[in-house]
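Note: the block below is structure.cif and it holds mmCIF, C-alpha atoms.
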data_start
#
loop_
_atom_site.label_atom_id
_atom_site.label_comp_id
_atom_site.auth_asym_id
_atom_site.auth_seq_id
_atom_site.Cartn_x
_atom_site.Cartn_y
_atom_site.Cartn_z
CA MET A 1 134.99 90.38 175.61
CA LEU A 2 135.83 88.57 172.39
CA HIS A 3 135.23 85.24 174.08
CA ARG A 4 131.84 86.47 175.34
CA TYR A 5 130.54 87.55 171.92
CA SER A 6 132.32 85.04 169.70
CA PRO A 7 129.36 82.59 169.57
CA ILE A 8 127.16 85.41 168.28
CA LEU A 9 129.75 86.41 165.69
CA PHE A 10 130.15 82.82 164.55
CA SER A 11 126.38 82.47 164.24
CA LEU A 12 126.16 85.61 162.11
CA ILE A 13 128.96 84.43 159.82
CA TYR A 14 127.36 81.00 159.56
CA CYS A 15 124.05 82.58 158.54
CA MET A 16 125.78 84.70 155.92
CA LEU A 17 127.56 81.80 154.22
CA PRO A 18 124.59 80.61 152.10
CA ALA A 19 124.06 84.14 150.82
CA LEU A 20 127.74 84.47 149.91
CA ALA A 21 127.74 81.10 148.18
CA ALA A 22 124.59 82.06 146.28
CA ALA A 23 126.20 85.19 144.83
CA GLY A 24 126.07 84.73 141.07
CA THR A 25 128.66 85.44 138.41
CA LEU A 26 127.01 88.72 137.44
CA ASP A 27 127.19 89.90 141.06
CA GLN A 28 130.89 89.04 141.17
CA ILE A 29 131.59 90.81 137.93
CA LYS A 30 129.70 93.92 139.03
CA ALA A 31 131.60 94.04 142.32
CA SER A 32 135.03 93.50 140.77
CA GLY A 33 134.51 95.29 137.46
CA GLU A 34 136.18 92.32 135.75
CA ILE A 35 135.12 89.31 133.69
CA ARG A 36 137.54 86.38 133.51
CA ILE A 37 137.42 84.46 130.25
CA GLY A 38 139.08 81.06 130.34
CA TYR A 39 140.45 79.88 127.02
CA ARG A 40 142.56 77.13 125.50
CA THR A 41 145.98 78.15 124.26
CA ASP A 42 146.37 75.15 121.95
CA ALA A 43 143.10 74.75 120.03
CA PRO A 44 143.40 76.81 116.82
CA PRO A 45 141.39 78.18 115.14
CA LEU A 46 138.90 78.05 118.03
CA ALA A 47 141.13 79.30 120.83
CA PHE A 48 144.89 79.86 120.93
CA ASN A 49 147.65 82.38 121.55
CA ASP A 50 148.42 84.50 118.50
CA GLY A 51 151.85 85.72 117.43
CA SER A 52 151.90 88.35 120.17
CA GLY A 53 150.80 85.92 122.86
CA GLN A 54 147.24 87.25 123.01
CA ALA A 55 144.08 85.14 123.18
CA ALA A 56 142.56 84.70 119.72
CA GLY A 57 140.17 82.49 117.78
CA TYR A 58 136.55 81.81 116.90
CA SER A 59 135.52 80.93 120.46
CA VAL A 60 137.45 83.87 121.91
CA ASP A 61 135.67 86.29 119.57
CA LEU A 62 132.29 84.90 120.62
CA CYS A 63 133.23 85.35 124.28
CA LYS A 64 134.21 88.95 123.62
CA ARG A 65 130.63 89.49 122.41
CA ILE A 66 129.39 87.91 125.64
CA ALA A 67 131.62 90.26 127.66
CA THR A 68 130.07 93.23 125.84
CA ALA A 69 126.58 91.90 126.63
CA VAL A 70 127.51 91.55 130.32
CA LYS A 71 128.81 95.12 130.38
CA GLU A 72 125.53 96.38 128.92
CA GLN A 73 123.43 94.22 131.24
CA LEU A 74 125.23 95.55 134.33
CA LYS A 75 125.31 99.11 132.95
CA LEU A 76 129.04 99.40 133.61
CA ALA A 77 131.00 102.30 132.18
CA ASN A 78 134.08 100.05 131.97
CA LEU A 79 134.62 96.32 132.21
CA LYS A 80 138.04 94.73 132.48
CA VAL A 81 138.34 91.59 130.35
CA THR A 82 140.97 89.17 131.65
CA PHE A 83 141.91 86.06 129.67
CA VAL A 84 142.83 83.02 131.77
CA PRO A 85 144.79 80.28 129.97
CA LEU A 86 143.42 76.78 130.63
CA THR A 87 144.28 73.24 129.62
CA SER A 88 142.18 70.25 128.66
CA ALA A 89 142.71 68.84 132.16
CA ASP A 90 141.81 71.90 134.26
CA ARG A 91 139.17 73.69 132.18
CA LEU A 92 136.12 72.37 134.07
CA ASP A 93 137.66 72.72 137.53
CA ALA A 94 138.62 76.30 136.73
CA ILE A 95 134.94 77.14 136.40
CA VAL A 96 133.83 75.08 139.40
CA LYS A 97 136.54 76.59 141.61
CA ASN A 98 135.77 80.13 140.42
CA LYS A 99 139.14 80.72 138.73
CA ALA A 100 137.32 81.85 135.57
CA ASP A 101 133.77 82.96 134.82
CA ILE A 102 133.35 81.19 131.48
CA GLU A 103 135.44 78.74 129.45
CA CYS A 104 135.69 79.52 125.75
CA GLY A 105 137.50 76.84 123.82
CA ALA A 106 136.63 73.51 122.25
CA THR A 107 134.65 71.70 124.93
CA THR A 108 132.07 69.08 124.01
CA MET A 109 128.74 69.26 125.79
CA THR A 110 127.98 65.94 127.50
CA LEU A 111 125.44 64.84 130.10
CA SER A 112 128.19 63.57 132.37
CA ARG A 113 129.90 66.96 132.33
CA GLU A 114 126.58 68.63 133.10
CA ARG A 115 126.66 66.92 136.48
CA LYS A 116 129.55 69.25 137.26
CA VAL A 117 129.02 72.39 135.15
CA ASP A 118 126.49 74.01 132.85
CA PHE A 119 126.80 74.96 129.20
CA THR A 120 125.62 77.85 127.07
CA LEU A 121 123.87 77.40 123.74
CA MET A 122 125.89 75.36 121.26
CA THR A 123 128.76 77.24 119.65
CA PHE A 124 130.02 74.64 117.17
CA VAL A 125 129.32 71.11 115.93
CA THR A 126 131.99 68.71 114.76
CA GLY A 127 132.96 65.04 115.13
CA GLY A 128 135.92 62.78 115.85
CA SER A 129 138.30 62.10 112.99
CA LEU A 130 141.88 60.97 112.28
CA LEU A 131 144.91 63.00 111.24
CA SER A 132 147.77 61.07 109.62
CA LEU A 133 150.83 61.65 107.47
CA ALA A 134 149.83 61.97 103.83
CA ASP A 135 151.81 58.89 102.81
CA SER A 136 150.19 56.66 105.46
CA ASN A 137 147.05 55.93 103.43
CA VAL A 138 144.71 56.38 106.43
CA SER A 139 141.38 57.54 105.03
CA ALA A 140 138.98 55.66 107.33
CA LEU A 141 138.89 54.20 110.82
CA SER A 142 139.37 50.69 109.46
CA ASP A 143 142.79 51.71 108.13
CA VAL A 144 144.28 51.85 111.65
CA ALA A 145 143.70 48.14 112.31
CA GLY A 146 146.80 46.60 113.86
CA LYS A 147 148.39 50.04 114.34
CA SER A 148 148.70 52.71 117.08
CA VAL A 149 146.56 55.84 117.39
CA ALA A 150 147.31 58.78 119.69
CA VAL A 151 144.52 60.56 121.59
CA VAL A 152 144.67 63.24 124.29
CA THR A 153 143.68 61.87 127.67
CA GLY A 154 140.67 63.45 129.38
CA THR A 155 138.97 64.44 126.11
CA THR A 156 135.69 63.03 124.78
CA SER A 157 137.66 61.76 121.79
CA GLN A 158 139.30 59.06 123.91
CA PRO A 159 136.15 57.10 124.93
CA ALA A 160 134.53 57.84 121.55
CA LEU A 161 137.51 56.36 119.72
CA GLU A 162 137.68 53.32 121.97
CA SER A 163 133.94 52.76 121.54
CA ALA A 164 134.09 53.11 117.74
CA LEU A 165 137.00 50.66 117.51
CA LYS A 166 135.18 48.13 119.67
CA LYS A 167 131.90 48.54 117.82
CA ASN A 168 133.55 48.01 114.45
CA LEU A 169 135.83 45.17 115.65
CA ILE A 170 138.96 47.12 114.74
CA ASP A 171 142.02 45.95 116.65
CA ALA A 172 144.10 49.11 117.12
CA ARG A 173 146.25 50.28 120.03
CA VAL A 174 145.06 53.53 121.63
CA VAL A 175 147.96 55.61 122.97
CA ALA A 176 146.84 58.20 125.55
CA VAL A 177 149.04 61.33 125.55
CA ALA A 178 149.07 64.44 127.73
CA ASP A 179 148.36 67.05 125.06
CA ARG A 180 148.17 67.81 121.35
CA ALA A 181 151.82 68.73 121.08
CA GLU A 182 152.79 65.23 122.23
CA ALA A 183 150.27 63.65 119.85
CA MET A 184 151.69 65.58 116.90
CA LYS A 185 155.24 64.68 117.95
CA GLN A 186 154.38 60.98 118.01
CA LEU A 187 152.65 61.29 114.64
CA ASP A 188 155.58 63.12 113.04
CA THR A 189 158.07 60.55 114.35
CA LYS A 190 155.80 57.70 113.21
CA GLN A 191 155.37 56.27 116.71
CA VAL A 192 151.64 56.29 115.87
CA VAL A 193 149.93 56.13 112.51
CA ALA A 194 147.24 58.68 113.39
CA PHE A 195 146.13 61.31 115.88
CA ALA A 196 142.44 61.08 116.87
CA SER A 197 140.56 64.21 117.92
CA ASP A 198 137.66 66.45 116.90
CA GLN A 199 137.86 67.17 113.18
CA ILE A 200 137.99 70.95 113.61
CA VAL A 201 140.81 70.58 116.14
CA LEU A 202 142.77 68.45 113.66
CA ILE A 203 142.20 71.04 110.95
CA GLY A 204 143.67 73.57 113.38
CA GLN A 205 146.74 71.40 113.88
CA MET A 206 147.25 71.25 110.11
CA ILE A 207 146.85 75.02 109.83
CA GLU A 208 149.35 75.62 112.62
CA SER A 209 152.00 73.28 111.18
CA ALA A 210 154.85 74.49 108.98
CA ALA A 211 153.85 72.09 106.19
CA PRO A 212 150.07 71.39 106.12
CA SER A 213 150.38 69.33 102.92
CA LYS A 214 152.36 66.62 104.75
CA TYR A 215 149.18 65.61 106.58
CA SER A 216 145.93 63.96 105.56
CA LEU A 217 142.51 64.03 107.22
CA ALA A 218 140.28 60.93 107.24
CA HIS A 219 136.94 61.23 105.47
CA ASP A 220 134.63 59.68 108.05
CA LEU A 221 133.67 60.81 111.57
CA PHE A 222 133.47 58.42 114.49
CA SER A 223 131.56 60.64 116.95
CA TYR A 224 129.20 63.59 117.38
CA GLU A 225 130.77 66.55 119.20
CA PRO A 226 128.54 69.55 120.01
CA TYR A 227 130.53 72.39 121.60
CA GLY A 228 129.34 74.91 124.17
CA PHE A 229 130.91 77.38 126.58
CA VAL A 230 131.30 76.19 130.16
CA VAL A 231 129.67 78.16 133.00
CA ARG A 232 128.96 77.38 136.63
CA ARG A 233 125.94 75.25 137.48
CA ASP A 234 122.69 76.87 138.62
CA ASP A 235 123.73 80.36 137.54
CA ALA A 236 120.77 81.09 135.31
CA ASP A 237 121.20 84.87 135.18
CA PHE A 238 124.72 84.78 133.77
CA ARG A 239 123.91 81.92 131.41
CA LEU A 240 120.91 83.88 130.09
CA VAL A 241 123.11 86.88 129.24
CA ALA A 242 125.62 84.60 127.51
CA ASN A 243 122.88 82.79 125.58
CA GLY A 244 121.31 86.10 124.59
CA ALA A 245 124.59 87.29 123.13
CA LEU A 246 125.15 84.05 121.19
CA ALA A 247 121.58 84.00 119.86
CA GLN A 248 121.97 87.61 118.70
CA VAL A 249 125.18 86.80 116.83
CA TYR A 250 123.43 83.87 115.12
CA ARG A 251 120.19 85.76 114.48
CA THR A 252 121.83 88.82 112.91
CA GLY A 253 124.11 86.82 110.65
CA GLN A 254 127.29 88.06 112.38
CA ILE A 255 128.29 84.43 112.85
CA GLU A 256 129.00 84.18 109.11
CA GLN A 257 131.64 86.91 109.40
CA LEU A 258 133.23 85.22 112.43
CA PHE A 259 133.26 81.84 110.72
CA ASN A 260 134.85 83.23 107.56
CA ARG A 261 137.45 85.08 109.58
CA TRP A 262 138.71 81.96 111.30
CA PHE A 263 137.89 79.17 108.84
CA GLY A 264 137.14 80.66 105.44
CA GLN A 265 140.74 81.60 104.67
CA TYR A 266 141.62 77.90 104.86
CA GLY A 267 138.84 76.80 102.54
CA VAL A 268 136.73 75.33 105.34
CA LYS A 269 132.98 75.77 104.89
CA PRO A 270 130.25 75.26 107.52
CA SER A 271 128.80 71.75 107.40
CA PRO A 272 125.05 71.29 106.90
CA ILE A 273 124.63 70.30 110.56
CA LEU A 274 126.53 73.41 111.71
CA THR A 275 124.41 75.65 109.48
CA ALA A 276 121.29 74.03 110.95
CA MET A 277 122.62 74.57 114.47
CA TYR A 278 123.08 78.29 113.84
CA ALA A 279 119.52 78.54 112.53
CA LEU A 280 117.95 76.50 115.33
CA GLN A 281 119.70 78.51 118.05
CA SER A 282 118.87 81.94 116.62
CA LEU A 283 116.42 82.34 119.45
CA PRO A 284 114.17 85.43 119.40
CA ASP A 285 114.72 88.01 122.11
#
I'd like the structure from this file rewritten - as structure tokens, please.
Amino acid sequence: MLHRYSPILFSLIYCMLPALAAAGTLDQIKASGEIRIGYRTDAPPLAFNDGSGQAAGYSVDLCKRIATAVKEQLKLANLKVTFVPLTSADRLDAIVKNKADIECGATTMTLSRERKVDFTLMTFVTGGSLLSLADSNVSALSDVAGKSVAVVTGTTSQPALESALKKNLIDARVVAVADRAEAMKQLDTKQVVAFASDQIVLIGQMIESAAPSKYSLAHDLFSYEPYGFVVRRDDADFRLVANGALAQVYRTGQIEQLFNRWFGQYGVKPSPILTAMYALQSLPD
């Protein structure tokens, strides 16, 4: 009997596949009662594990607001919020392969990445810079000529650094490393003269270190890095809820409190371009 009806069953399953594939993130969340927030464990003060091992940071707080907006949109009495730790290497694939619903960290929005994933409204604006030991006298990109610079592989900082060096005819050796911990290790042991990354990420490394005063941050920026949260492509309904939550935080001025919580205590103030970004993305409801 199974053999007789199996072609019909296979046909029904085949017809159902497009509908299953088309199920959006909101549908999944409503069915499971859970939203999965991917976050970086090593990108303070944007996203990291705090002293108790819990997800924390500027980006994490913004994603908590998005989770609240999703709960209200779906009219759920309860919504389980699960934090999924991600790395620089697997953060995009985690969204594509449905291992997380949104990635909240320090990810630069680029057109090449948008061939694979979508992004929310911008969440931060920064640029590539150099972190060095205070006694190294590295205050500009030109100061690394003839020396080695560490950069984390797979980040936008790597091609941006290589491009800036080539454009300015600076002969420096770019050392690709697996993660920030390795970059800081090579910097501390003077295997490299500087660690290149987004400026706000480097500030986070200084904050996290036992002796921030031993480091120095270069004055100039060698790239433009607009951040956004990563979501799956062609999922307009979920992205709209996320964008609505971000715009509300910007529009109501709550973003100032979040910024001061994570940056203000270290004397960091929003740059003019970041202030403009908040204003431009305070979209009306």
List as number ranges by chain the protein and nucleic acid residues near Ile66 (chain A), meaning an atom at most 9 Å away when only C-alpha atoms are counted, but skip any in the same chain fewer than 3 places from it.
A: 61-63, 69-71, 241-246
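Proximity ranking of A:Lys64, A:Lys99, A:Lys166, A:Lys190 relative to Leu133 (chain A) places A:Lys190 first, based on all atoms listed in the file.
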For a cut-off of 12 Å around (143.6, 78.8, 114.7), file coordinates, pick out all residues using all atoms listed in the file and list them as a VMD selection string.
chain A and resid 40 to 51 55 to 61 105 to 106 200 to 209 259 261 to 266
Quick one: distance from CA of Val177 (chain A) to CA of Val151 (chain A) in Å, one decimal?
6.1 Å
Considering only C-alpha atoms, return as a PyMOL selection string whatever protein or nucleic-acid residues lie within 6 Å of Ser129 (chain A), sequence-local ones (same chain, fewer than 4 positions apart) excluded.
chain A and resi 196-199+221
Hey, can you spit out that residue selection with C-alpha atoms as a PDB file, keeping the file's coordinate frame?
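Generated output (again_36.pdb):
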ATOM      1  CA  ALA A 196     142.440  61.080 116.870  1.00  0.00           C
ATOM      2  CA  SER A 197     140.560  64.210 117.920  1.00  0.00           C
ATOM      3  CA  ASP A 198     137.660  66.450 116.900  1.00  0.00           C
ATOM      4  CA  GLN A 199     137.860  67.170 113.180  1.00  0.00           C
ATOM      5  CA  LEU A 221     133.670  60.810 111.570  1.00  0.00           C
TER       6      LEU A 221
END
Determine, counting only C-alpha atoms, which protein, DNA and RNA residues have an atom within 9 Å of an atom of region 79-95 of chain A; residues of the same chain fewer than 5 positions away are not included. Present the result as a PyMOL selection string.
chain A and resi 29-30+32-42+54-55+64+67-68+70-71+100-103+107+113+116-117+152-155+178-179+230-232
File dump, residues just selected, C-alpha atoms, as a PDB file, in the frame of the given file:
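Written output follows (selection.pdb):
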ATOM      1  CA  ILE A  29     131.590  90.810 137.930  1.00  0.00           C
ATOM      2  CA  LYS A  30     129.700  93.920 139.030  1.00  0.00           C
ATOM      3  CA  SER A  32     135.030  93.500 140.770  1.00  0.00           C
ATOM      4  CA  GLY A  33     134.510  95.290 137.460  1.00  0.00           C
ATOM      5  CA  GLU A  34     136.180  92.320 135.750  1.00  0.00           C
ATOM      6  CA  ILE A  35     135.120  89.310 133.690  1.00  0.00           C
ATOM      7  CA  ARG A  36     137.540  86.380 133.510  1.00  0.00           C
ATOM      8  CA  ILE A  37     137.420  84.460 130.250  1.00  0.00           C
ATOM      9  CA  GLY A  38     139.080  81.060 130.340  1.00  0.00           C
ATOM     10  CA  TYR A  39     140.450  79.880 127.020  1.00  0.00           C
ATOM     11  CA  ARG A  40     142.560  77.130 125.500  1.00  0.00           C
ATOM     12  CA  THR A  41     145.980  78.150 124.260  1.00  0.00           C
ATOM     13  CA  ASP A  42     146.370  75.150 121.950  1.00  0.00           C
ATOM     14  CA  GLN A  54     147.240  87.250 123.010  1.00  0.00           C
ATOM     15  CA  ALA A  55     144.080  85.140 123.180  1.00  0.00           C
ATOM     16  CA  LYS A  64     134.210  88.950 123.620  1.00  0.00           C
ATOM     17  CA  ALA A  67     131.620  90.260 127.660  1.00  0.00           C
ATOM     18  CA  THR A  68     130.070  93.230 125.840  1.00  0.00           C
ATOM     19  CA  VAL A  70     127.510  91.550 130.320  1.00  0.00           C
ATOM     20  CA  LYS A  71     128.810  95.120 130.380  1.00  0.00           C
ATOM     21  CA  ALA A 100     137.320  81.850 135.570  1.00  0.00           C
ATOM     22  CA  ASP A 101     133.770  82.960 134.820  1.00  0.00           C
ATOM     23  CA  ILE A 102     133.350  81.190 131.480  1.00  0.00           C
ATOM     24  CA  GLU A 103     135.440  78.740 129.450  1.00  0.00           C
ATOM     25  CA  THR A 107     134.650  71.700 124.930  1.00  0.00           C
ATOM     26  CA  ARG A 113     129.900  66.960 132.330  1.00  0.00           C
ATOM     27  CA  LYS A 116     129.550  69.250 137.260  1.00  0.00           C
ATOM     28  CA  VAL A 117     129.020  72.390 135.150  1.00  0.00           C
ATOM     29  CA  VAL A 152     144.670  63.240 124.290  1.00  0.00           C
ATOM     30  CA  THR A 153     143.680  61.870 127.670  1.00  0.00           C
ATOM     31  CA  GLY A 154     140.670  63.450 129.380  1.00  0.00           C
ATOM     32  CA  THR A 155     138.970  64.440 126.110  1.00  0.00           C
ATOM     33  CA  ALA A 178     149.070  64.440 127.730  1.00  0.00           C
ATOM     34  CA  ASP A 179     148.360  67.050 125.060  1.00  0.00           C
ATOM     35  CA  VAL A 230     131.300  76.190 130.160  1.00  0.00           C
ATOM     36  CA  VAL A 231     129.670  78.160 133.000  1.00  0.00           C
ATOM     37  CA  ARG A 232     128.960  77.380 136.630  1.00  0.00           C
TER      38      ARG A 232
END
For the file shown, what are the residues hit by the PyMOL selection byres ((chain A and resi 247) around 10), laid out as a PyMOL selection string?
chain A and resi 121-123+241-246+248-253+255+278-285
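Between CA of Ser223 (chain A) and CA of Asn260 (chain A) the interatomic distance comes to 24.7 Å.
Selection result for the displayed file, with the PyMOL selection byres ((chain A and resi 161) around 8) as criterion, is Gly128, Ser157, Gln158, Pro159, Ala160, Glu162, Ser163, Ala164, Leu165, Ala196, Phe222 and Ser223 of chain A.
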